[in-house]
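Enquirer: Sending over a structure as structure tokens; questions will come in a sec.
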Amino acid sequence: MTISDLVPALETPSAVLARLMSPEGLTNPYPHYHALRALAPVHKAGNIHFLTGYAECQQVLNDPSFRVQDPQWYDANLPGWRDSTATRLMYQSMQSRNNPDHNRLRRMVGGAFSPRRMAEYRLLVERVVGGMLDRMADAGSDGSPVDLMSYLAYPLPTAVIGEMLGVPEEDREHFRGLGIDFFTVMDLYVGDDAQARSDAAAKAMLDYWSGMVRDRRRSPREDLTTELTRARDAGALSEDELLGLLMFLFTAGYGTTAALLGNAAEQLLLNPAEADRLRLDDSVTEAVVEESLRHEPPSQIAPRMTSEDRTVGGVDIPAGQLLVALLGAANRDPAQYAEPDRFLPSRPPGRVLSFGGGLHFCIGAALSRMEGAVVLPRLVRRFPRLAMGGTPVRRQVLRMRLHSSFPVDTRG
């Protein structure tokens, strides 16, 4: 029996998409991805083409003729977007720009992700993770469930991105909820309530980062905030670009890795033989991280636009059309991966699409992978009998596959 055999004969792509966007679908999108792919690997719904096949998503992500939605697109298609603090700042940052602006902004932050800086961040992770695991042990010593997200998955990457940007340690936890709400504006469908929360979070973050920029003008430091502030004062970027870039880097910098750590930990607990292998053999660490990224990509969608008439998956798509690459679907395409729904770190290596591709390949991919590779072995070795301490809860959005809470039992 194949995945296609499981799709009812009278099923339609539109019905599958409707279920994908429902609470049930947002909790577990993968059956709906499979159903949509079996019916139409490239499916047009309204003015959006949804891509669910690995080959189709890879083509679109790697081809520079497919562009991102940028300020010019929003001016034409979303009038008034500059009136919202969240969209004004998010849509002018690096991930929402085409060249030459994309490369201009990317070069300004590239030094913070150099091999030398990566080595420094690794030392930081190795230095702080032990204390976080100790605090987990203390909190769970009486048998109480411990929230893996609050004690490890969020604070660990927040420490790293906070160090990069110069955010004081006492301020970092404050951003957890704000950053997640701010990033919601990047989801595929944003309701009025979510938009209001995103705007409120953006305004609070804007106040904070405006103060950080003023402080760096008075007292420069050895951090990326100072470097970007100097670039702004030299005329290399606008004030909105500066503040949007800082807010995006901080939020994406901890959100993606927090999602990776929570997703990987969950699969290790559900697959204890894989956790045992990781405890005993450092050589499997990279495979565990990659398989988690394939099995549960932190970012599930990557929108692109056609800048010219193109053909994708045998479907002719005119210029100016919006496409959404469903990365979680691509990474579980049975044409690319055998037994795609199983968590199998031992599977032959392949290029996962979890960090996108081409011009817009995630600049923090190596950093996130490094954090996962350091933390996950330490976690399962520190707690050899780590187990579920309750039901994990995920955020009900399509873009980011992220736990809001993940109770674990640390005893033993």
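Letters A, B, ... go to the chains of the structure tokens in the order shown; residues in each chain start at 1; ligands are counted from 1 in the same order.
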Can you list, as a list in words, every protein, DNA or RNA residue that comes within 7 Å of region 21-37 of chain A when you count only C-alpha atoms, leaving out same-chain residues fewer than 4 positions away?
Expert: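 Returned residues: Ile3, Val7, Pro13, Val16, Leu17, Pro41, Thr52, Gly53, Ala329, Arg394, Gln396, Val397 and Leu398 of chain A.
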Enquirer: Output N, CA, C and O atoms of each residue in that selection to a file, as a compact mmCIF listing (two decimals), in the first residue's frame.
Expert:
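Wrote it out as selection.txt, contents follow:
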```txt
# COMPACT_ATOMS: atom_id res chain seq x y z
N ILE A 3 1.13 5.72 -0.02
CA ILE A 3 0.43 6.87 0.56
C ILE A 3 -0.75 7.28 -0.32
O ILE A 3 -1.82 7.65 0.17
N VAL A 7 -5.64 8.02 0.14
CA VAL A 7 -6.43 9.22 -0.16
C VAL A 7 -7.77 8.79 -0.74
O VAL A 7 -7.82 8.08 -1.74
N PRO A 13 -8.23 18.63 -3.59
CA PRO A 13 -7.15 19.42 -2.98
C PRO A 13 -7.67 20.54 -2.08
O PRO A 13 -7.09 20.81 -1.03
N VAL A 16 -8.55 19.20 1.29
CA VAL A 16 -7.35 18.87 2.05
C VAL A 16 -6.72 20.14 2.62
O VAL A 16 -6.31 20.20 3.78
N LEU A 17 -6.64 21.19 1.80
CA LEU A 17 -6.08 22.45 2.28
C LEU A 17 -6.89 23.02 3.44
O LEU A 17 -6.32 23.56 4.40
N PRO A 41 0.75 17.71 -6.67
CA PRO A 41 2.00 18.25 -6.11
C PRO A 41 2.12 19.76 -6.29
O PRO A 41 2.82 20.41 -5.52
N THR A 52 4.08 20.64 -2.81
CA THR A 52 4.26 19.62 -1.77
C THR A 52 5.32 18.58 -2.13
O THR A 52 5.69 17.78 -1.29
N GLY A 53 5.81 18.57 -3.36
CA GLY A 53 6.81 17.60 -3.76
C GLY A 53 8.22 18.13 -3.52
O GLY A 53 8.48 19.34 -3.63
N ALA A 329 6.20 19.12 3.84
CA ALA A 329 5.73 18.14 2.86
C ALA A 329 6.88 17.65 2.01
O ALA A 329 7.02 16.45 1.74
N ARG A 394 1.91 22.28 21.09
CA ARG A 394 2.52 23.04 20.01
C ARG A 394 1.72 24.31 19.72
O ARG A 394 0.53 24.37 19.96
N GLN A 396 -0.30 26.76 17.44
CA GLN A 396 -1.25 26.47 16.37
C GLN A 396 -1.03 27.42 15.19
O GLN A 396 -1.86 28.29 14.89
N VAL A 397 0.11 27.27 14.53
CA VAL A 397 0.41 28.04 13.33
C VAL A 397 1.06 27.10 12.33
O VAL A 397 1.61 26.06 12.70
N LEU A 398 1.02 27.48 11.06
CA LEU A 398 1.58 26.62 10.03
C LEU A 398 3.08 26.86 9.84
O LEU A 398 3.85 25.93 9.65
```
Enquirer: Which polymer residues have any atom within 7 Å of an atom of region 360-362 of chain A, counting only C-alpha atoms, with same-chain residues fewer than 4 positions away left out, as a list in words?
Expert: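 So, after excluding close chain neighbours, the residues are Gln95, Phe355 and Gly356 of chain A.
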Enquirer: Show me a table, sorted first by chain and then by increasing residue number, of the residues of region 307-392 of chain A having an atom at most 9 Å from region 126-147 of chain A, each with its shortest atom pair and the distance in Å to one decimal, counting only C-alpha atoms and written as a tab-separated table.
Expert:
```
residue	atom	partner	partner_atom	distance
A:Val374	CA	A:Glu126	CA	6.9
A:Val375	CA	A:Val129	CA	6.9
A:Arg378	CA	A:Gly130	CA	8.0
A:Leu379	CA	A:Leu133	CA	7.2
A:Arg382	CA	A:Leu133	CA	7.3
A:Phe383	CA	A:Ala137	CA	8.3
A:Met388	CA	A:Pro145	CA	8.4
A:Gly389	CA	A:Pro145	CA	5.1
A:Gly390	CA	A:Pro145	CA	7.3
```
Enquirer: Quick one: residues within 6 Å of region 296-311 of chain A, only C-alpha atoms counted, chain neighbours fewer than 6 positions away excluded, as a list of chain:residue names?
Expert: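 These residues fall inside the cut-off: A:Ser65, A:Phe66, A:Arg67, A:Val68, A:Thr256, A:Ala259, A:Leu260, A:Ile317, A:Pro318, A:Ala319, A:Gly320, A:Gln321, A:Leu322, A:Leu323, A:Val324, A:Ala325, A:Leu326, A:Leu327, A:Gly328, A:Ser354, A:Arg399, A:Met400, A:Arg401.
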Enquirer: What's the separation between CA of Glu291 (chain A) and CA of Val60 (chain A), in Å to one decimal place?
Expert: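 We find that CA of Glu291 (chain A) and CA of Val60 (chain A) lie 22.4 Å from each other.
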Enquirer: List every residue of region 91-302 of chain A that DSSP, applied to the backbone of this structure, assigns to helix (DSSP H, G or I), and report them as an NGL selection string.
Expert: :A and (94-96 or 101-113 or 115-139 or 148-153 or 155-165 or 169-172 or 175-186 or 192-218 or 224-233 or 239-270 or 272-280 or 282-295)
Enquirer: Just the residues within 12 Å of Val284 (chain A), please, counting only C-alpha atoms, with nothing from its chain fewer than 3 positions along; format it as a list in words.
Expert: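 After dropping sequence-adjacent residues, the list is Glu274, Ala275, Asp276, Arg277, Leu278, Arg279, Leu280, Asp281, Ala287, Val288, Val289, Glu290, Glu291, Leu344, Pro345, Ser346, Arg347, Pro349, Ala373, Leu376 and Pro377 of chain A.
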Enquirer: Can you tell me, as a ChimeraX atom specification, what residues are no more than 6 Å from Ala86 (chain A) when counting only C-alpha atoms, ignoring any on the same chain fewer than 3 positions away?
Expert: /A:89-90,199,202
Enquirer: Could those residues be written to a file, using C-alpha atoms, as a PDB file, in the first residue's frame?
Expert:
```pdb
ATOM      1  CA  LEU A  89       9.673  46.316  10.185  1.00  0.00           C
ATOM      2  CA  MET A  90       9.413  42.625   9.259  1.00  0.00           C
ATOM      3  CA  ASP A 199       1.690  44.680  16.409  1.00  0.00           C
ATOM      4  CA  ALA A 202       6.509  44.745  17.610  1.00  0.00           C
TER       5      ALA A 202
END
```
Enquirer: Tell me which protein, DNA and RNA residues are within 12 Å of Arg221 (chain A), counting only C-alpha atoms, leaving out same-chain ones fewer than 5 positions away, and put them as a list of chain:residue names.
Expert: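 Skipping anything fewer than 5 positions along the chain leaves A:Glu163, A:Met164, A:Leu165, A:Gly166, A:Val167, A:Met212, A:Val213, A:Asp215, A:Arg216, A:Thr226, A:Glu227, A:Leu228, A:Thr229, A:Arg230.
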Enquirer: Rounded to one decimal place, report the CA of Glu371 (chain A)-CA of Met118 (chain A) distance in Å.
Expert: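 That distance, rounded to one decimal, is 10.1 Å.
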Enquirer: If we count only C-alpha atoms and set the cut-off at 9 Å, which residues sit around region 239-241 of chain A, ignoring sequence neighbours fewer than 2 positions away in its own chain? Please answer as a list in words.
Expert: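 Near neighbours after the sequence-gap exclusion: Arg88, Leu89, Met90, Gln92, Ser93, Met94, Leu105, Thr229, Arg232, Asp233, Leu237, Leu243, Gly244, Leu245 and Leu246 of chain A.
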Enquirer: Pull N, CA, C and O atoms from the residues just selected and write them as a PDB file, in the first residue's frame.
Expert:
```pdb
ATOM      1  N   ARG A  88       5.669  46.679   8.904  1.00  0.00           N
ATOM      2  CA  ARG A  88       6.612  47.676   8.413  1.00  0.00           C
ATOM      3  C   ARG A  88       8.061  47.255   8.670  1.00  0.00           C
ATOM      4  O   ARG A  88       8.939  47.404   7.809  1.00  0.00           O
ATOM      5  N   LEU A  89       8.306  46.696   9.846  1.00  0.00           N
ATOM      6  CA  LEU A  89       9.673  46.316  10.185  1.00  0.00           C
ATOM      7  C   LEU A  89      10.036  44.930   9.650  1.00  0.00           C
ATOM      8  O   LEU A  89      11.145  44.724   9.164  1.00  0.00           O
ATOM      9  N   MET A  90       9.108  43.973   9.734  1.00  0.00           N
ATOM     10  CA  MET A  90       9.413  42.625   9.259  1.00  0.00           C
ATOM     11  C   MET A  90       9.605  42.592   7.745  1.00  0.00           C
ATOM     12  O   MET A  90      10.504  41.925   7.236  1.00  0.00           O
ATOM     13  N   GLN A  92      10.693  44.758   5.760  1.00  0.00           N
ATOM     14  CA  GLN A  92      11.857  45.468   5.230  1.00  0.00           C
ATOM     15  C   GLN A  92      13.169  44.822   5.668  1.00  0.00           C
ATOM     16  O   GLN A  92      14.241  45.344   5.370  1.00  0.00           O
ATOM     17  N   SER A  93      13.068  43.696   6.362  1.00  0.00           N
ATOM     18  CA  SER A  93      14.275  43.024   6.812  1.00  0.00           C
ATOM     19  C   SER A  93      14.823  42.140   5.698  1.00  0.00           C
ATOM     20  O   SER A  93      14.267  42.036   4.601  1.00  0.00           O
ATOM     21  N   MET A  94      15.911  41.456   5.998  1.00  0.00           N
ATOM     22  CA  MET A  94      16.690  40.728   4.997  1.00  0.00           C
ATOM     23  C   MET A  94      15.899  39.642   4.284  1.00  0.00           C
ATOM     24  O   MET A  94      16.024  39.445   3.072  1.00  0.00           O
ATOM     25  N   LEU A 105      22.091  43.755   2.784  1.00  0.00           N
ATOM     26  CA  LEU A 105      21.805  43.522   4.193  1.00  0.00           C
ATOM     27  C   LEU A 105      22.511  42.267   4.700  1.00  0.00           C
ATOM     28  O   LEU A 105      23.011  42.227   5.830  1.00  0.00           O
ATOM     29  N   THR A 229      24.574  49.601  13.857  1.00  0.00           N
ATOM     30  CA  THR A 229      24.305  51.014  14.147  1.00  0.00           C
ATOM     31  C   THR A 229      25.306  51.900  13.419  1.00  0.00           C
ATOM     32  O   THR A 229      24.940  52.947  12.853  1.00  0.00           O
ATOM     33  N   ARG A 232      24.301  52.061   9.840  1.00  0.00           N
ATOM     34  CA  ARG A 232      23.176  52.973   9.673  1.00  0.00           C
ATOM     35  C   ARG A 232      23.657  54.418   9.664  1.00  0.00           C
ATOM     36  O   ARG A 232      23.263  55.216   8.794  1.00  0.00           O
ATOM     37  N   ASP A 233      24.532  54.767  10.575  1.00  0.00           N
ATOM     38  CA  ASP A 233      25.008  56.140  10.672  1.00  0.00           C
ATOM     39  C   ASP A 233      25.897  56.521   9.491  1.00  0.00           C
ATOM     40  O   ASP A 233      26.062  57.710   9.188  1.00  0.00           O
ATOM     41  N   LEU A 237      22.239  51.722   5.486  1.00  0.00           N
ATOM     42  CA  LEU A 237      20.886  51.180   5.616  1.00  0.00           C
ATOM     43  C   LEU A 237      20.015  52.202   6.325  1.00  0.00           C
ATOM     44  O   LEU A 237      20.518  53.113   6.996  1.00  0.00           O
ATOM     45  N   LEU A 243      16.407  48.562  12.544  1.00  0.00           N
ATOM     46  CA  LEU A 243      15.595  48.034  13.640  1.00  0.00           C
ATOM     47  C   LEU A 243      14.906  46.731  13.244  1.00  0.00           C
ATOM     48  O   LEU A 243      14.836  45.789  14.043  1.00  0.00           O
ATOM     49  N   GLY A 244      14.426  46.640  12.015  1.00  0.00           N
ATOM     50  CA  GLY A 244      13.813  45.405  11.556  1.00  0.00           C
ATOM     51  C   GLY A 244      14.801  44.257  11.530  1.00  0.00           C
ATOM     52  O   GLY A 244      14.466  43.125  11.884  1.00  0.00           O
ATOM     53  N   LEU A 245      16.029  44.531  11.115  1.00  0.00           N
ATOM     54  CA  LEU A 245      17.054  43.497  11.063  1.00  0.00           C
ATOM     55  C   LEU A 245      17.404  43.002  12.461  1.00  0.00           C
ATOM     56  O   LEU A 245      17.524  41.792  12.698  1.00  0.00           O
ATOM     57  N   LEU A 246      17.552  43.903  13.410  1.00  0.00           N
ATOM     58  CA  LEU A 246      17.849  43.502  14.790  1.00  0.00           C
ATOM     59  C   LEU A 246      16.721  42.660  15.373  1.00  0.00           C
ATOM     60  O   LEU A 246      16.954  41.615  15.994  1.00  0.00           O
TER      61      LEU A 246
END
```
Enquirer: Given the choices A:Leu224, A:Ile161, A:Leu51, A:Ala265, which gets closest to Ser368 (chain A) if the distance is worked out from only C-alpha atoms?
Expert: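 Selected residue with least distance to Ser368 (chain A): A:Ile161.
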Enquirer: Which distance in Å separates CA of Arg411 (chain A) and CA of Glu286 (chain A), to one decimal?
Expert: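 Going from CA of Arg411 (chain A) over to CA of Glu286 (chain A) covers 26.8 Å.
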